[in-house]
$ cat structure38.cif   # mmCIF, C-alpha atoms
data_final
loop_
_atom_site.label_atom_id
_atom_site.label_comp_id
_atom_site.auth_asym_id
_atom_site.auth_seq_id
_atom_site.Cartn_x
_atom_site.Cartn_y
_atom_site.Cartn_z
CA MET J 408 106.62 203.03 271.61
CA TRP J 409 107.47 206.77 271.63
CA SER J 410 110.80 206.42 269.88
CA LYS J 411 109.21 204.19 267.24
CA ARG J 412 106.36 206.67 266.81
CA SER J 413 108.75 209.59 266.58
CA ARG J 414 110.91 207.76 264.01
CA ASN J 415 107.90 206.75 261.91
CA LEU J 416 106.41 210.24 261.92
CA PHE J 417 109.73 211.78 260.96
CA LEU J 418 110.29 209.23 258.18
CA LEU J 419 106.76 209.70 256.87
CA GLY J 420 107.22 213.47 256.72
CA THR J 421 110.72 213.57 255.30
CA LEU J 422 110.21 210.74 252.78
CA THR J 423 106.94 212.20 251.50
CA ALA J 424 108.31 215.73 251.19
CA GLY J 425 111.72 214.48 250.04
CA MET J 426 110.18 212.41 247.25
CA ILE J 427 108.16 215.35 245.96
CA LEU J 428 111.14 217.70 246.18
CA LEU J 429 113.34 215.21 244.35
CA GLU J 430 110.74 214.84 241.60
CA MET J 431 110.51 218.63 241.35
CA ALA J 432 114.30 219.03 241.22
CA LEU J 433 114.55 216.37 238.51
CA TYR J 434 111.76 218.02 236.54
CA LEU J 435 113.50 221.38 236.71
CA THR J 436 116.92 219.99 235.71
CA GLY J 437 115.26 217.92 232.97
CA ASP J 438 113.65 221.10 231.69
CA LEU J 439 116.93 223.03 231.79
CA LEU J 440 119.05 220.24 230.29
CA ASN J 441 116.35 219.23 227.84
CA ARG J 442 116.39 215.70 229.18
CA GLU J 443 113.54 213.25 229.84
CA TRP J 444 113.47 211.22 233.03
CA LYS J 445 111.78 207.85 233.04
CA PHE J 446 109.55 208.22 236.10
CA ASN J 447 109.02 211.91 236.57
CA LEU J 448 105.49 212.76 237.48
CA PHE J 449 105.82 216.44 236.67
CA GLN J 450 107.24 215.76 233.19
CA PHE J 451 104.40 213.31 232.66
CA CYS J 452 101.80 215.86 233.72
CA GLN J 453 103.41 218.50 231.52
CA SER J 454 103.31 216.18 228.47
CA VAL J 455 99.61 215.45 229.17
CA PHE J 456 98.86 219.18 229.41
CA GLN J 457 100.65 219.80 226.13
CA LYS J 458 98.73 217.02 224.39
CA LEU J 459 95.49 218.52 225.68
CA GLY J 460 96.58 222.00 224.65
CA TRP J 461 96.46 223.26 228.25
CA THR J 462 99.50 225.50 227.92
CA VAL J 463 98.45 227.81 230.78
CA VAL J 464 98.10 224.87 233.19
CA GLY J 465 101.63 223.82 232.15
CA TYR J 466 102.92 227.27 233.07
CA VAL J 467 101.15 227.04 236.43
CA LEU J 468 102.88 223.71 237.05
CA ASP J 469 106.26 225.23 236.17
CA GLY J 470 105.55 228.12 238.53
CA LEU J 471 104.56 225.77 241.33
CA VAL J 472 107.79 223.77 240.98
CA VAL J 473 110.06 226.82 240.82
CA LEU J 474 108.31 228.58 243.68
CA THR J 475 108.35 225.49 245.91
CA LEU J 476 112.06 224.83 245.36
CA ALA J 477 112.88 228.51 245.82
CA ALA J 478 110.81 228.62 249.03
CA VAL J 479 112.62 225.59 250.46
CA ALA J 480 116.06 226.99 249.60
CA GLY J 481 115.11 230.44 250.88
CA MET J 482 113.69 229.18 254.17
CA LEU J 483 116.69 226.93 254.79
CA ALA J 484 119.13 229.74 254.08
CA SER J 485 117.20 232.26 256.14
CA GLU J 486 116.92 229.91 259.12
CA ALA J 487 120.63 229.04 258.90
CA ILE J 488 121.54 232.74 258.94
CA ARG J 489 119.19 233.43 261.82
CA SER J 490 120.60 230.49 263.79
CA PHE J 491 124.12 231.78 263.24
CA ARG J 492 123.20 235.31 264.27
CA PHE J 493 121.28 234.04 267.28
CA ARG J 494 124.33 232.15 268.50
CA ARG J 495 126.52 235.19 268.11
CA ARG J 496 124.05 237.47 269.92
CA LEU J 497 123.52 234.88 272.63
CA LYS J 498 127.25 234.87 273.37
CA GLU J 499 127.10 238.65 273.70
CA ILE J 500 124.20 238.89 276.09
CA GLU J 501 124.66 235.77 278.20
CA LEU J 502 125.38 236.37 281.89
CA GLU J 503 128.94 235.10 282.02
CA PRO J 504 129.40 234.45 285.77
CA LEU J 505 126.05 232.64 286.07
CA THR J 506 126.64 230.70 282.84
CA SER J 507 130.02 229.50 284.16
CA GLU J 508 128.51 228.63 287.53
CA ILE J 509 125.66 226.58 286.03
CA ASN J 510 128.00 224.81 283.58
CA HIS J 511 130.37 224.01 286.44
CA ARG J 512 127.63 222.84 288.83
CA TYR J 513 125.87 220.63 286.25
CA GLY J 514 128.94 219.76 284.21
CA LYS J 515 128.38 216.01 284.56
CA ILE J 516 125.25 216.29 282.39
CA GLY J 517 127.43 217.32 279.45
CA ALA J 518 125.11 220.07 278.26
CA ALA J 519 126.63 223.44 277.36
CA VAL J 520 124.26 226.04 278.76
CA HIS J 521 123.84 229.79 278.27
CA VAL J 522 122.07 231.82 280.94
CA VAL J 523 120.24 235.02 280.00
CA GLU J 524 118.43 237.60 282.10
CA SER J 525 114.68 237.25 281.87
CA GLY J 526 111.89 237.19 284.40
CA GLU J 527 110.14 234.55 282.30
CA PRO J 528 111.10 230.98 283.17
CA LEU J 529 112.63 229.93 279.88
CA ALA J 530 114.37 226.69 278.93
CA CYS J 531 114.92 225.89 275.28
CA THR J 532 117.30 224.35 272.81
CA VAL J 533 117.95 226.55 269.80
CA GLY J 534 119.77 226.26 266.50
CA LEU J 535 119.90 224.22 263.31
CA TRP J 536 123.37 222.87 263.92
CA LYS J 537 125.25 222.58 267.21
CA PRO J 538 122.08 223.56 269.09
CA GLN J 539 122.51 225.67 272.22
CA ILE J 540 120.63 225.35 275.49
CA VAL J 541 119.29 228.64 276.83
CA LEU J 542 118.07 229.07 280.40
CA SER J 543 116.71 232.23 281.96
CA THR J 544 117.35 233.65 285.39
CA GLY J 545 113.58 233.43 285.93
CA LEU J 546 113.76 229.65 285.56
CA ILE J 547 116.80 229.34 287.84
CA ARG J 548 115.00 231.37 290.51
CA LEU J 549 111.82 229.29 290.18
CA LEU J 550 113.29 225.77 290.36
CA ASP J 551 115.31 224.00 293.02
CA SER J 552 118.59 222.32 292.07
CA ARG J 553 117.13 218.85 291.36
CA GLU J 554 114.31 220.29 289.25
CA LEU J 555 116.83 222.34 287.30
CA GLU J 556 118.98 219.25 286.79
CA ALA J 557 115.97 217.38 285.39
CA VAL J 558 115.21 220.26 283.00
CA LEU J 559 118.84 220.26 281.86
CA HIS J 560 118.66 216.53 281.13
CA HIS J 561 115.46 217.16 279.16
CA GLU J 562 117.13 219.89 277.08
CA HIS J 563 120.30 217.86 276.72
CA TYR J 564 118.25 215.13 275.06
CA HIS J 565 117.03 217.63 272.44
CA GLN J 566 120.58 218.92 272.01
CA LYS J 567 122.14 215.46 271.59
CA HIS J 568 119.55 214.36 269.04
CA GLY J 569 119.56 217.57 267.00
CA ASP J 570 115.83 218.01 267.61
CA PRO J 571 115.62 221.68 266.61
CA PHE J 572 116.79 220.79 263.09
CA LYS J 573 114.39 217.85 262.78
CA THR J 574 111.39 219.82 264.02
CA PHE J 575 112.37 222.69 261.75
CA LEU J 576 112.42 220.35 258.73
CA LEU J 577 108.91 219.11 259.44
CA SER J 578 107.72 222.64 260.02
CA LEU J 579 109.32 223.71 256.73
CA PHE J 580 107.61 220.90 254.83
CA ALA J 581 104.30 221.73 256.48
CA SER J 582 104.48 225.33 255.33
CA VAL J 583 105.77 224.59 251.81
CA PHE J 584 103.36 221.76 251.05
CA ARG J 585 100.18 223.28 252.38
CA TYR J 586 98.18 221.19 249.93
CA ILE J 587 99.26 217.96 251.68
CA PRO J 588 97.36 218.14 254.99
CA LEU J 589 99.11 215.07 256.37
CA LEU J 590 102.40 217.00 256.47
CA ARG J 591 100.72 219.80 258.38
CA TRP J 592 99.18 217.37 260.83
CA LEU J 593 102.22 215.29 261.71
CA GLU J 594 104.27 218.21 263.00
CA LEU J 595 102.34 218.33 266.28
CA PRO J 596 102.42 214.61 267.20
CA TYR J 597 106.09 214.55 266.24
CA ARG J 598 106.90 217.44 268.56
CA THR J 599 104.86 215.78 271.30
CA ALA J 600 106.75 212.52 270.84
CA ARG J 601 110.11 214.33 271.04
CA GLU J 602 109.03 216.11 274.23
CA ILE J 603 107.90 212.87 275.81
CA LEU J 604 111.16 211.17 274.85
CA ALA J 605 113.11 214.07 276.37
CA ASP J 606 110.97 213.79 279.53
CA ARG J 607 111.61 210.05 279.66
CA TYR J 608 115.35 210.58 279.29
CA ALA J 609 115.32 213.15 282.11
CA MET J 610 113.33 210.82 284.40
CA GLU J 611 115.71 207.93 283.69
CA ARG J 612 118.76 210.05 284.41
CA MET J 613 117.22 211.40 287.63
CA GLY J 614 116.10 207.92 288.67
CA SER J 615 112.57 209.13 289.37
CA PRO J 616 109.84 211.27 287.81
CA GLU J 617 109.74 213.49 290.91
CA ALA J 618 112.13 216.29 289.90
CA LEU J 619 110.87 216.64 286.32
CA GLY J 620 107.21 216.37 287.35
CA SER J 621 107.76 218.95 290.06
CA ALA J 622 109.48 221.34 287.59
CA LEU J 623 106.63 220.95 285.12
CA LEU J 624 104.10 221.51 287.87
CA LYS J 625 105.83 224.71 289.02
CA LEU J 626 105.90 226.03 285.45
CA LEU J 627 102.25 225.25 284.90
CA LYS J 628 101.06 226.62 288.22
CA ARG J 629 102.72 230.00 288.02
CA ASP J 630 100.31 232.78 288.97
CA LYS J 631 100.17 234.72 285.75
CA PRO J 632 101.53 232.69 282.91
CA SER J 633 102.50 234.86 279.98
CA ARG J 634 103.37 233.78 276.50
CA LEU J 635 106.94 233.87 275.36
CA PRO J 636 107.70 235.61 272.09
CA LEU J 637 108.56 232.22 270.60
CA SER J 638 105.17 230.83 271.45
CA TYR J 639 104.15 230.28 267.84
CA VAL J 640 105.97 226.97 268.26
CA SER J 641 102.59 225.68 269.26
CA PHE J 642 103.32 222.11 270.20
CA ALA J 643 102.45 222.65 273.83
CA GLU J 644 98.89 223.61 272.97
CA THR J 645 97.93 220.01 273.51
CA SER J 646 101.10 218.13 274.26
CA VAL J 647 101.42 219.09 277.89
CA ASN J 648 98.50 216.87 278.88
CA ASP J 649 100.11 213.92 277.10
CA ARG J 650 103.36 214.69 278.87
CA ILE J 651 101.65 214.70 282.28
CA ARG J 652 99.89 211.41 281.42
CA HIS J 653 103.27 209.94 280.50
CA ILE J 654 104.87 211.11 283.76
CA LEU J 655 101.95 209.62 285.73
CA ASP J 656 102.11 206.30 283.91
CA PRO J 657 105.08 205.89 281.55
CA ALA J 658 103.93 202.42 280.47
CA LYS J 659 100.49 203.59 279.32
CA GLN J 660 99.96 203.67 275.55
CA LEU J 661 98.63 206.97 274.31
CA PRO J 662 96.69 206.70 271.06
CA LEU J 663 97.76 208.60 267.95
CA ASN J 664 94.56 210.22 266.77
CA LEU J 665 94.83 210.27 263.01
CA PRO J 666 92.92 213.14 261.42
CA VAL J 667 90.58 211.29 259.07
CA ARG J 668 90.10 214.19 256.64
CA ALA J 669 93.83 214.94 256.33
CA VAL J 670 94.60 211.27 255.79
CA LEU J 671 91.85 210.92 253.17
CA VAL J 672 92.93 214.00 251.23
CA SER J 673 96.60 213.01 251.35
CA ALA J 674 95.81 209.40 250.49
CA SER J 675 93.77 210.54 247.47
CA THR J 676 96.66 212.73 246.33
CA PHE J 677 99.06 209.81 246.56
CA LEU J 678 96.56 207.49 244.89
CA LEU J 679 96.45 209.88 241.95
CA ILE J 680 100.25 210.12 241.86
CA GLY J 681 100.52 206.31 242.08
CA SER J 682 98.00 205.83 239.26
CA ALA J 683 99.87 208.31 237.10
CA LEU J 684 103.17 206.51 237.73
CA LEU J 685 101.54 203.15 236.91
CA PHE J 686 100.13 204.66 233.72
CA MET J 687 103.64 205.78 232.76
CA LEU J 688 104.85 202.18 233.10
CA MET X 1452 113.47 253.39 279.76
CA LYS X 1453 115.28 251.47 277.09
CA ILE X 1454 118.82 251.88 275.83
CA ASN X 1455 118.75 251.55 272.08
CA SER X 1456 122.46 251.53 271.32
CA PHE X 1457 123.81 248.45 273.06
CA LYS X 1458 127.56 247.95 272.53
CA THR X 1459 128.26 244.25 272.40
CA ASN X 1460 132.05 244.58 272.42
CA GLU X 1461 132.12 246.59 275.67
CA ARG X 1462 131.95 245.51 279.30
CA GLY X 1463 129.99 246.77 282.31
CA LEU X 1464 128.31 250.16 282.08
CA ASN X 1465 130.10 250.91 278.81
CA ARG X 1466 127.76 248.40 277.18
CA PHE X 1467 124.85 250.77 277.74
CA PHE X 1468 126.49 254.23 277.81
CA GLY X 1469 129.07 256.32 276.04
CA PRO X 1470 132.37 256.80 277.95
CA LEU X 1471 131.41 260.13 279.59
CA GLU X 1472 127.85 258.97 280.32
CA ALA X 1473 129.24 255.85 282.01
CA ARG X 1474 131.56 257.93 284.23
CA ILE X 1475 128.75 260.32 285.16
CA MET X 1476 126.40 257.45 286.00
CA SER X 1477 129.10 255.77 288.04
CA ILE X 1478 129.57 258.95 290.12
CA LEU X 1479 125.83 259.37 290.63
CA TRP X 1480 125.34 255.72 291.59
CA ASN X 1481 128.09 255.97 294.17
CA GLY X 1482 126.90 259.10 295.90
CA PRO X 1483 123.87 261.12 297.03
CA GLU X 1484 121.80 263.46 294.89
CA MET X 1485 124.20 265.79 293.07
CA SER X 1486 124.28 269.03 291.12
CA ILE X 1487 126.04 269.34 287.77
CA LYS X 1488 128.96 271.05 289.53
CA ASP X 1489 129.28 268.16 292.02
CA VAL X 1490 129.45 265.69 289.14
CA GLN X 1491 131.93 267.85 287.26
CA ARG X 1492 134.15 267.93 290.38
CA GLY X 1493 134.02 264.11 290.42
CA LEU X 1494 135.27 264.18 286.84
CA GLU X 1495 138.05 266.67 287.53
CA HIS X 1496 140.76 264.50 285.98
CA ASP X 1497 138.79 264.56 282.71
CA LYS X 1498 139.69 267.88 281.08
CA SER X 1499 137.17 267.42 278.27
CA ALA X 1500 134.32 267.42 280.80
CA ASN X 1501 133.61 271.13 281.10
CA PHE X 1502 130.45 272.36 282.77
CA ASN X 1503 128.43 272.71 279.57
CA THR X 1504 129.36 269.24 278.32
CA VAL X 1505 128.44 267.62 281.64
CA MET X 1506 125.17 269.58 281.74
CA THR X 1507 124.27 268.49 278.19
CA VAL X 1508 125.03 264.83 278.89
CA MET X 1509 123.14 264.86 282.21
CA ASN X 1510 120.08 266.52 280.69
CA ARG X 1511 120.14 263.97 277.90
CA LEU X 1512 120.11 261.24 280.56
CA VAL X 1513 117.10 262.96 282.14
CA ASP X 1514 115.33 262.96 278.75
CA LYS X 1515 116.05 259.23 278.41
CA GLY X 1516 114.46 258.63 281.83
CA ILE X 1517 117.70 257.40 283.39
CA LEU X 1518 118.17 260.38 285.71
CA SER X 1519 115.58 262.38 287.61
CA LYS X 1520 116.02 266.09 288.16
CA ARG X 1521 114.53 268.34 290.82
CA THR X 1522 114.93 272.04 291.41
CA ALA X 1523 116.77 272.99 294.59
CA GLY X 1524 117.22 276.72 295.22
CA ARG X 1525 118.73 278.29 292.09
CA GLY X 1526 120.10 275.04 290.75
CA ALA X 1527 119.00 271.46 290.21
CA LEU X 1528 119.85 268.14 291.79
CA TYR X 1529 120.11 264.88 289.86
CA ARG X 1530 119.88 261.25 290.86
CA PRO X 1531 119.50 257.91 289.01
CA VAL X 1532 115.92 256.66 288.67
CA GLN X 1533 117.03 253.07 289.40
CA THR X 1534 119.87 251.55 291.37
CA MET X 1535 122.76 250.25 289.25
CA ASP X 1536 121.72 246.62 289.84
CA GLU X 1537 118.10 247.35 288.89
CA PHE X 1538 119.22 249.20 285.78
CA ILE X 1539 121.55 246.44 284.55
CA GLU X 1540 118.99 243.73 285.29
CA ASN X 1541 116.22 245.58 283.44
CA GLN X 1542 118.43 246.33 280.45
CA SER X 1543 119.56 242.70 280.28
CA LYS X 1544 115.91 241.60 280.35
CA GLU X 1545 115.15 243.95 277.49
CA LEU X 1546 118.05 242.52 275.52
CA THR X 1547 116.86 238.96 276.07
CA GLN X 1548 113.34 239.90 275.03
CA ASP X 1549 114.71 241.63 271.91
CA LEU X 1550 116.83 238.59 271.08
CA LEU X 1551 113.87 236.24 271.34
CA GLU X 1552 111.59 238.54 269.38
CA GLU X 1553 114.12 239.19 266.66
CA PHE X 1554 114.97 235.54 266.23
CA GLY X 1555 111.55 233.93 266.48
CA LEU X 1556 113.12 230.72 265.25
CA ARG X 1557 111.34 227.58 264.34
CA ALA X 1558 114.48 225.62 265.16
CA VAL X 1559 113.59 225.60 268.83
CA ASN X 1560 112.59 222.99 271.37
CA HIS X 1561 111.10 224.33 274.56
CA MET X 1562 110.86 222.69 277.94
CA LEU X 1563 107.45 224.24 278.05
CA ASP X 1564 106.31 226.62 275.39
CA ALA X 1565 103.22 228.75 275.73
CA LEU X 1566 102.06 228.08 279.24
CA GLU X 1567 98.74 226.79 278.11
CA GLU X 1568 95.85 225.36 280.01
CA ALA X 1569 96.65 221.94 281.34
CA ASP X 1570 93.82 219.62 282.34
CA ARG X 1571 92.96 220.42 285.97
CA ASP X 1572 92.43 216.75 286.94
CA LEU X 1573 95.76 215.77 285.45
CA LEU X 1574 97.51 218.57 287.30
CA ASP X 1575 95.95 217.41 290.60
CA LYS X 1576 97.03 213.85 289.91
CA LEU X 1577 100.54 215.00 289.10
CA GLU X 1578 100.67 217.06 292.28
CA ARG X 1579 99.56 214.07 294.37
CA LYS X 1580 102.12 211.84 292.70
CA ILE X 1581 104.95 214.33 293.34
CA LYS X 1582 103.92 214.58 297.01
CA GLU X 1583 103.93 210.77 297.32
CA LEU X 1584 107.33 210.52 295.67
CA LYS X 1585 108.72 213.24 297.94
CA LYS X 1586 107.44 211.36 301.01
CA GLU X 1587 108.99 208.11 299.79
CA GLY X 1588 112.26 209.90 299.08
#

$ encode --input "structure38.cif" --output "structure tokens"
Amino acid sequence: MWSKRSRNLFLLGTLTAGMILLEMALYLTGDLLNREWKFNLFQFCQSVFQKLGWTVVGYVLDGLVVLTLAAVAGMLASEAIRSFRFRRRLKEIELEPLTSEINHRYGKIGAAVHVVESGEPLACTVGLWKPQIVLSTGLIRLLDSRELEAVLHHEHYHQKHGDPFKTFLLSLFASVFRYIPLLRWLELPYRTAREILADRYAMERMGSPEALGSALLKLLKRDKPSRLPLSYVSFAETSVNDRIRHILDPAKQLPLNLPVRAVLVSASTFLLIGSALLFML
Amino acid sequence: MKINSFKTNERGLNRFFGPLEARIMSILWNGPEMSIKDVQRGLEHDKSANFNTVMTVMNRLVDKGILSKRTAGRGALYRPVQTMDEFIENQSKELTQDLLEEFGLRAVNHMLDALEEADRDLLDKLERKIKELKKEG
């Protein structure tokens, strides 16, 4: 159920955004090369605006297309640079003896880990390509060896499946296409599904939910939880309860609560686009 | 206290200090409270470390909050504010915090992100289940 849900959410997001971006790219190249595409919604809209004499609206449309494509390219480039720099800095500040020790002790998991000094219990997988697993000394101090092993399996799942890149893509689409509420909405359930799948993988590898559940419990029951600087990745705002429910009863189906308003607005947008395309035919 | 110029290509104390600063700190961490003259004696093989240079460097370390200084008779005695282990641990923590703040990436998956409020009933249930599983194990 969770892997199907995760796949469907990802496909919905990437296909929707991908289709719009492709249409925009075609429109822009068509404009530059002075070429007409058969089914290009933006060219169609532009021709309608011209017929109606709405020149200003046509300019607004041009601006929207250029700005959207530039924003996507800019955000991708900026994130790629930041990922690269992060990896380089991480290598510089990692605690080498502890990193070697942890990699040696948990080598069978197959996850390459970097340990950094921080009182905060931190475990994350970072980077657009070749994601890196980062653990903090605070986490190593807090958890026993089986709990730490379960957390490493959890992170290894994210690493193996390139989850940081996928979640970044959805987050990018959500911020670029703010006028499509469905894209904004599906980021959270997608992240939740990925976390639950990573939890499931860790429980399977450990042969029991005990170690992972115990690690999660320790993290949640710390005396004075403080927010990490990366906390704007807000998936855990609601997902942790779903994750606990899944650990308690992995077979239980958890409903996907569709936001009616977002679905209606997005559906209307697509209905309009569909009608326009039909009209072009 | 925060060291602003971190040298990534260096090892040990040289990551946080210049060469003379590192030698001075090493002497002070390995001995009792010392005067500038005591430290200079410890650096005797270093001809560039004359009294004035050592005094300037040590007072700069006092200004940075790394050394404390107290008056004793006509002179002053210096000692590190933290032990070497405490200092390195705190600086490393600062570096990690800086790294995470500087690179607030979206391309991140956390084991547990913001440690938000979990449902109390669910937490109790989870705790009971873990206890049961531990007993069975």

$ atom_distance --input "structure38.cif" --atom1 "CA of Ile1475 (chain X)" --atom2 "CA of Met1506 (chain X)"
10.5 Å

$ atom_distance --input "structure38.cif" --atom1 "CA of Phe417 (chain J)" --atom2 "CA of Ile488 (chain J)"
24.1 Å

$ residues_around --input "structure38.cif" --residues "Lys625 (chain J)" --least-positions-apart "5" --cutoff "9 Å" --atoms "all atoms listed in the file" --output "list in words"
Leu549, Leu550 and Gly620 of chain J

$ resolve_selection --input "structure38.cif" --expression "the PyMOL selection byres ((chain J and resi 494-498) around 8)" --output "number ranges by chain"
J: 490-493, 499-501, 521, 534, 539; X: 1550

$ atom_distance --input "structure38.cif" --atom1 "CA of Leu502 (chain J)" --atom2 "CA of Leu555 (chain J)"
17.3 Å

$ closest_residue --input "structure38.cif" --among "J:Val473, J:Ile654, J:Ala557, J:Leu678" --to "Ile1581 (chain X)" --atoms "all atoms listed in the file"
J:Ile654

$ residues_around --input "structure38.cif" --residues "region 596-613 of chain J" --least-positions-apart "2" --cutoff "6 Å" --atoms "all atoms listed in the file" --output "list of chain:residue names"
J:Trp409, J:Ser413, J:Ala557, J:His560, J:His561, J:Tyr564, J:Leu593, J:Glu594, J:Ser615, J:Pro616, J:Ser646, J:Arg650

$ closest_residue --input "structure38.cif" --among "J:Val558, J:Cys452, J:Leu546, J:Val672" --to "chain X" --atoms "only C-alpha atoms"
J:Val558

$ resolve_selection --input "structure38.cif" --expression "the PyMOL selection byres ((chain X and resi 1509) around 8)" --output "ChimeraX atom specification"
/X:1472,1475,1487,1505-1508,1510-1513,1518

$ resolve_selection --input "structure38.cif" --expression "the PyMOL selection byres ((chain X and resi 1478) around 12)" --output "ChimeraX atom specification"
/X:1464,1471-1477,1479-1487,1489-1495,1509,1529-1531,1535

$ closest_residue --input "structure38.cif" --among "J:Gln457, J:Ser485, J:Ser552, J:Ser507" --to "chain X" --atoms "only C-alpha atoms"
J:Ser485

$ closest_residue --input "structure38.cif" --among "X:Asp1536, X:Glu1552, X:Asp1575, X:Glu1583" --to "chain J" --atoms "only C-alpha atoms"
X:Glu1552

$ closest_residue --input "structure38.cif" --among "X:Ile1539, X:Ala1523, X:Val1532, X:Ile1517" --to "chain J" --atoms "all atoms listed in the file"
X:Ile1539

$ closest_residue --input "structure38.cif" --among "X:Arg1466, X:Lys1515, X:Lys1520, X:Arg1525" --to "chain J" --atoms "all atoms listed in the file"
X:Arg1466
